[in-house]
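Student: Provided herewith is a single structure, encoded as structure tokens, for subsequent inquiry.
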Amino acid sequence: MKLQQRWPLHPVSHQGEALSSWLFRVAHCYHMDLSDLLTYDLDHHQLLDLDINPHVDLLDKITSRSGIDLNQLRDMSFAGWTPWLFDNLDPDSSAFDSYFQQISILLPIRKRQNHNVPVWCAWLPEKKIYRACPKCLAEHEEHALLLMWQLPLLLTCPMHGCWLESYLGSLGRFIQWKT
């Protein structure tokens, strides 16, 4: 068993920053890719779960390497927003009906149908959304990407009131604006 040492360099996370964005900035401090940091330093091989529901073992390793509280790290993913924003993060075949038809006043009962949507979670994106506020990114050199920008429901920046714009990038990394 190798002894885990603290990272001597790790940037301060921004309020509301996504875990993938912060880990990308940590990796950048060491001139590494995010996937290399996860694989070789944290022994984690799954990139896609970082912002949705990161494994507790991964969060424990990050806590020991950074000194950041486990609850603060959890809040950097959608898992930290349960049960306040999401009931849970597990796909449920009855979730669609619960959200759209259970208390529906818009559709008469005779027009309501049961839909079987097996892997649907309310408010969570089906695939990663690459949108950001141009004013927020212009204010900070680090290009910290906020977790809430990944919500399909959110179309404008709550701080600046401007539209979120699509960008080219990868998990946790801003490259340039799409035109």
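Every chain in the structure tokens takes a letter, A first, then B, and so on in the order presented; its residues are numbered from 1, and the ligands are numbered from 1 following the presented order.
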Could you pull the residues within 12 Å of A:Ser35, counting only C-alpha atoms, minus those fewer than 2 positions along the same chain, as an MDAnalysis selection string?
Tutor: chainID A and resid 20 23:24 26:28 31:33 37:48 50 170:173
Student: Would you mind exporting N, CA, C and O atoms of the selected residues as a compact mmCIF listing (two decimals), in the first residue's frame?
Tutor:
# COMPACT_ATOMS: atom_id res chain seq x y z
N SER A 20 -15.28 18.06 -12.08
CA SER A 20 -14.41 17.80 -13.24
C SER A 20 -13.58 19.04 -13.58
O SER A 20 -12.41 18.92 -13.92
N LEU A 23 -10.82 19.40 -10.84
CA LEU A 23 -9.78 18.38 -11.01
C LEU A 23 -8.95 18.64 -12.27
O LEU A 23 -7.74 18.37 -12.28
N PHE A 24 -9.59 19.17 -13.32
CA PHE A 24 -8.81 19.54 -14.51
C PHE A 24 -7.79 20.61 -14.15
O PHE A 24 -6.63 20.55 -14.58
N VAL A 26 -6.48 21.14 -11.19
CA VAL A 26 -5.44 20.50 -10.38
C VAL A 26 -4.44 19.79 -11.29
O VAL A 26 -3.22 19.96 -11.14
N ALA A 27 -4.95 19.01 -12.24
CA ALA A 27 -4.07 18.30 -13.18
C ALA A 27 -3.19 19.29 -13.95
O ALA A 27 -2.01 19.02 -14.18
N HIS A 28 -3.77 20.42 -14.34
CA HIS A 28 -3.03 21.43 -15.08
C HIS A 28 -1.84 21.98 -14.27
O HIS A 28 -0.79 22.29 -14.83
N HIS A 31 0.93 19.76 -15.02
CA HIS A 31 1.14 19.53 -16.46
C HIS A 31 0.69 18.12 -16.85
O HIS A 31 1.40 17.40 -17.56
N MET A 32 -0.50 17.74 -16.37
CA MET A 32 -1.07 16.43 -16.66
C MET A 32 -2.44 16.61 -17.30
O MET A 32 -3.05 17.67 -17.19
N ASP A 33 -2.92 15.56 -17.94
CA ASP A 33 -4.31 15.50 -18.38
C ASP A 33 -5.15 15.06 -17.20
O ASP A 33 -4.68 14.37 -16.30
N LEU A 37 -4.34 12.19 -14.21
CA LEU A 37 -4.44 12.45 -12.77
C LEU A 37 -5.35 11.41 -12.12
O LEU A 37 -5.02 10.84 -11.08
N LEU A 38 -6.49 11.15 -12.76
CA LEU A 38 -7.44 10.19 -12.19
C LEU A 38 -6.87 8.78 -12.19
O LEU A 38 -6.98 8.05 -11.21
N THR A 39 -6.24 8.39 -13.29
CA THR A 39 -5.75 7.03 -13.43
C THR A 39 -4.52 6.76 -12.57
O THR A 39 -4.50 5.81 -11.79
N TYR A 40 -3.50 7.60 -12.67
CA TYR A 40 -2.22 7.30 -12.04
C TYR A 40 -2.08 7.82 -10.62
O TYR A 40 -1.32 7.27 -9.83
N ASP A 41 -2.80 8.87 -10.28
CA ASP A 41 -2.67 9.40 -8.93
C ASP A 41 -3.82 8.96 -8.02
O ASP A 41 -3.62 8.70 -6.85
N LEU A 42 -5.03 8.88 -8.58
CA LEU A 42 -6.20 8.57 -7.76
C LEU A 42 -6.75 7.17 -8.01
O LEU A 42 -7.73 6.77 -7.38
N ASP A 43 -6.15 6.43 -8.94
CA ASP A 43 -6.56 5.06 -9.27
C ASP A 43 -8.06 4.98 -9.57
O ASP A 43 -8.77 4.12 -9.07
N HIS A 44 -8.51 5.90 -10.40
CA HIS A 44 -9.92 5.95 -10.80
C HIS A 44 -9.96 5.98 -12.32
O HIS A 44 -9.26 6.78 -12.94
N HIS A 45 -10.78 5.15 -12.94
CA HIS A 45 -10.74 5.01 -14.39
C HIS A 45 -12.02 5.47 -15.07
O HIS A 45 -12.13 5.38 -16.28
N GLN A 46 -12.98 5.97 -14.33
CA GLN A 46 -14.26 6.38 -14.91
C GLN A 46 -14.36 7.90 -14.90
O GLN A 46 -14.47 8.53 -13.86
N LEU A 47 -14.32 8.51 -16.09
CA LEU A 47 -14.40 9.97 -16.20
C LEU A 47 -15.83 10.49 -16.15
O LEU A 47 -16.08 11.58 -15.65
N LEU A 48 -16.78 9.74 -16.66
CA LEU A 48 -18.12 10.27 -16.87
C LEU A 48 -18.93 10.48 -15.60
O LEU A 48 -19.90 11.21 -15.62
N LEU A 50 -17.90 11.87 -12.75
CA LEU A 50 -17.35 12.91 -11.87
C LEU A 50 -18.38 13.96 -11.46
O LEU A 50 -18.46 14.32 -10.29
N SER A 170 -13.57 19.63 -23.39
CA SER A 170 -13.71 18.26 -22.92
C SER A 170 -14.11 18.34 -21.46
O SER A 170 -14.31 19.42 -20.92
N LEU A 171 -14.21 17.23 -20.82
CA LEU A 171 -14.66 17.18 -19.45
C LEU A 171 -13.82 18.12 -18.57
O LEU A 171 -12.62 17.93 -18.43
N GLY A 172 -14.45 19.16 -18.05
CA GLY A 172 -13.77 20.10 -17.16
C GLY A 172 -12.87 21.11 -17.84
O GLY A 172 -12.20 21.87 -17.18
N ARG A 173 -12.87 21.13 -19.16
CA ARG A 173 -11.90 21.99 -19.87
C ARG A 173 -12.59 22.85 -20.91
O ARG A 173 -13.30 22.35 -21.78
Student: Need the shell around stretch 56-65 of chain A: protein/DNA/RNA residues with any atom at most 8 Å away, counting only C-alpha atoms. Skip same-chain ones fewer than 5 positions apart. Format as a list in words?
Tutor: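 Within the cut-off, the hits are Gln4, Gln5, Arg6, Trp7, Leu42, His44, Leu70, Leu73 and Arg74 of chain A.
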Student: Pick out the residues sitting within 12 Å of A:Pro125, and hand them over as a VMD selection string; count only C-alpha atoms, and ignore anything fewer than 6 positions along from it in its own chain.
Tutor: chain A and resid 51 to 52 78 89 119 147 to 154
Student: Take the residues from that selection and write them out as a PDB file, in the first residue's frame, keeping N, CA and C atoms.
Tutor:
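Written out: result_32.pdb:
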ATOM      1  N   ASP A  51     -19.142  14.462 -12.400  1.00  0.00           N
ATOM      2  CA  ASP A  51     -20.075  15.541 -12.095  1.00  0.00           C
ATOM      3  C   ASP A  51     -21.464  15.036 -11.726  1.00  0.00           C
ATOM      4  N   ILE A  52     -21.739  13.781 -11.947  1.00  0.00           N
ATOM      5  CA  ILE A  52     -23.052  13.233 -11.617  1.00  0.00           C
ATOM      6  C   ILE A  52     -23.026  12.632 -10.210  1.00  0.00           C
ATOM      7  N   PHE A  78     -23.680  16.575  -8.861  1.00  0.00           N
ATOM      8  CA  PHE A  78     -25.125  16.563  -8.690  1.00  0.00           C
ATOM      9  C   PHE A  78     -25.553  15.708  -7.497  1.00  0.00           C
ATOM     10  N   LEU A  89     -30.628  10.019  -7.700  1.00  0.00           N
ATOM     11  CA  LEU A  89     -29.924   9.978  -8.990  1.00  0.00           C
ATOM     12  C   LEU A  89     -30.081   8.651  -9.705  1.00  0.00           C
ATOM     13  N   VAL A 119     -34.462   4.873 -18.394  1.00  0.00           N
ATOM     14  CA  VAL A 119     -33.230   5.453 -17.849  1.00  0.00           C
ATOM     15  C   VAL A 119     -33.303   6.977 -17.797  1.00  0.00           C
ATOM     16  N   LEU A 147     -21.029  23.849 -12.180  1.00  0.00           N
ATOM     17  CA  LEU A 147     -21.840  22.645 -12.303  1.00  0.00           C
ATOM     18  C   LEU A 147     -23.231  22.968 -12.833  1.00  0.00           C
ATOM     19  N   MET A 148     -23.818  24.063 -12.379  1.00  0.00           N
ATOM     20  CA  MET A 148     -25.196  24.377 -12.783  1.00  0.00           C
ATOM     21  C   MET A 148     -25.317  24.649 -14.281  1.00  0.00           C
ATOM     22  N   TRP A 149     -24.235  24.999 -14.947  1.00  0.00           N
ATOM     23  CA  TRP A 149     -24.280  25.235 -16.394  1.00  0.00           C
ATOM     24  C   TRP A 149     -24.587  23.944 -17.149  1.00  0.00           C
ATOM     25  N   GLN A 150     -24.433  22.793 -16.511  1.00  0.00           N
ATOM     26  CA  GLN A 150     -24.703  21.511 -17.156  1.00  0.00           C
ATOM     27  C   GLN A 150     -26.177  21.120 -17.103  1.00  0.00           C
ATOM     28  N   LEU A 151     -26.973  21.851 -16.362  1.00  0.00           N
ATOM     29  CA  LEU A 151     -28.402  21.541 -16.277  1.00  0.00           C
ATOM     30  C   LEU A 151     -29.106  21.983 -17.550  1.00  0.00           C
ATOM     31  N   PRO A 152     -29.857  21.091 -18.208  1.00  0.00           N
ATOM     32  CA  PRO A 152     -30.555  21.472 -19.441  1.00  0.00           C
ATOM     33  C   PRO A 152     -31.580  22.584 -19.204  1.00  0.00           C
ATOM     34  N   LEU A 153     -32.102  22.663 -18.006  1.00  0.00           N
ATOM     35  CA  LEU A 153     -33.104  23.656 -17.646  1.00  0.00           C
ATOM     36  C   LEU A 153     -32.543  25.078 -17.621  1.00  0.00           C
ATOM     37  N   LEU A 154     -31.268  25.214 -17.315  1.00  0.00           N
ATOM     38  CA  LEU A 154     -30.633  26.525 -17.165  1.00  0.00           C
ATOM     39  C   LEU A 154     -30.154  27.045 -18.513  1.00  0.00           C
TER      40      LEU A 154
END
Student: Using DSSP on the backbone, list every residue of stretch 7-76 of chain A that comes out as helix (DSSP H, G or I), and give them as a compact mmCIF listing (two decimals) with C-alpha atoms, in the first residue's frame.
Tutor:
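Ended up saving to part.txt:
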# COMPACT_ATOMS: atom_id res chain seq x y z
CA LEU A 19 -15.72 18.60 -9.74
CA SER A 20 -14.41 17.80 -13.24
CA SER A 21 -13.45 21.46 -13.76
CA TRP A 22 -11.59 21.69 -10.46
CA LEU A 23 -9.78 18.38 -11.01
CA PHE A 24 -8.81 19.54 -14.51
CA ARG A 25 -7.27 22.66 -12.94
CA VAL A 26 -5.44 20.50 -10.38
CA ALA A 27 -4.07 18.30 -13.18
CA HIS A 28 -3.03 21.43 -15.08
CA CYS A 29 -0.89 22.50 -12.08
CA LEU A 34 -7.35 14.97 -16.21
CA SER A 35 -7.49 11.30 -17.22
CA ASP A 36 -3.83 10.83 -16.18
CA LEU A 37 -4.44 12.45 -12.77
CA LEU A 38 -7.44 10.19 -12.19
CA THR A 39 -5.75 7.03 -13.43
CA TYR A 40 -2.22 7.30 -12.04
CA ASP A 41 -2.67 9.40 -8.93
CA VAL A 56 -17.16 7.71 -2.33
CA ASP A 57 -13.72 6.03 -2.53
CA LEU A 58 -12.63 8.60 -5.11
CA LEU A 59 -13.88 11.47 -2.95
CA ASP A 60 -12.03 10.02 0.06
CA LYS A 61 -8.79 9.89 -1.96
CA ILE A 62 -9.26 13.48 -3.15
CA THR A 63 -9.94 14.57 0.44
CA SER A 64 -6.72 12.95 1.64
CA ARG A 65 -4.73 14.47 -1.25
CA SER A 66 -6.19 18.00 -1.02
CA LEU A 70 -15.70 15.44 1.80
CA ASN A 71 -19.04 17.32 1.88
CA GLN A 72 -17.56 20.22 -0.09
CA LEU A 73 -16.30 17.80 -2.75
CA ARG A 74 -19.69 16.05 -2.89
Student: Please provide the set of residues having any atom within 9 Å of A:Trp163, restricted to only C-alpha atoms, with same-chain residues fewer than 2 positions apart removed, written as a VMD selection string.
Tutor: chain A and resid 132 to 134 155 to 157 160 to 161 165
Student: Pick from A:Lys135, A:Ile129, A:Ala144, A:His10: nearest to A:Leu168, with only C-alpha atoms counted?
Tutor: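 That would be A:Ile129, the residue with the smallest distance to A:Leu168.
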Student: Could you tell me which of A:Ser13, A:Thr82, A:Asn53, A:Thr179 comes closest to A:Asp69 if we count only C-alpha atoms?
Tutor: A:Ser13
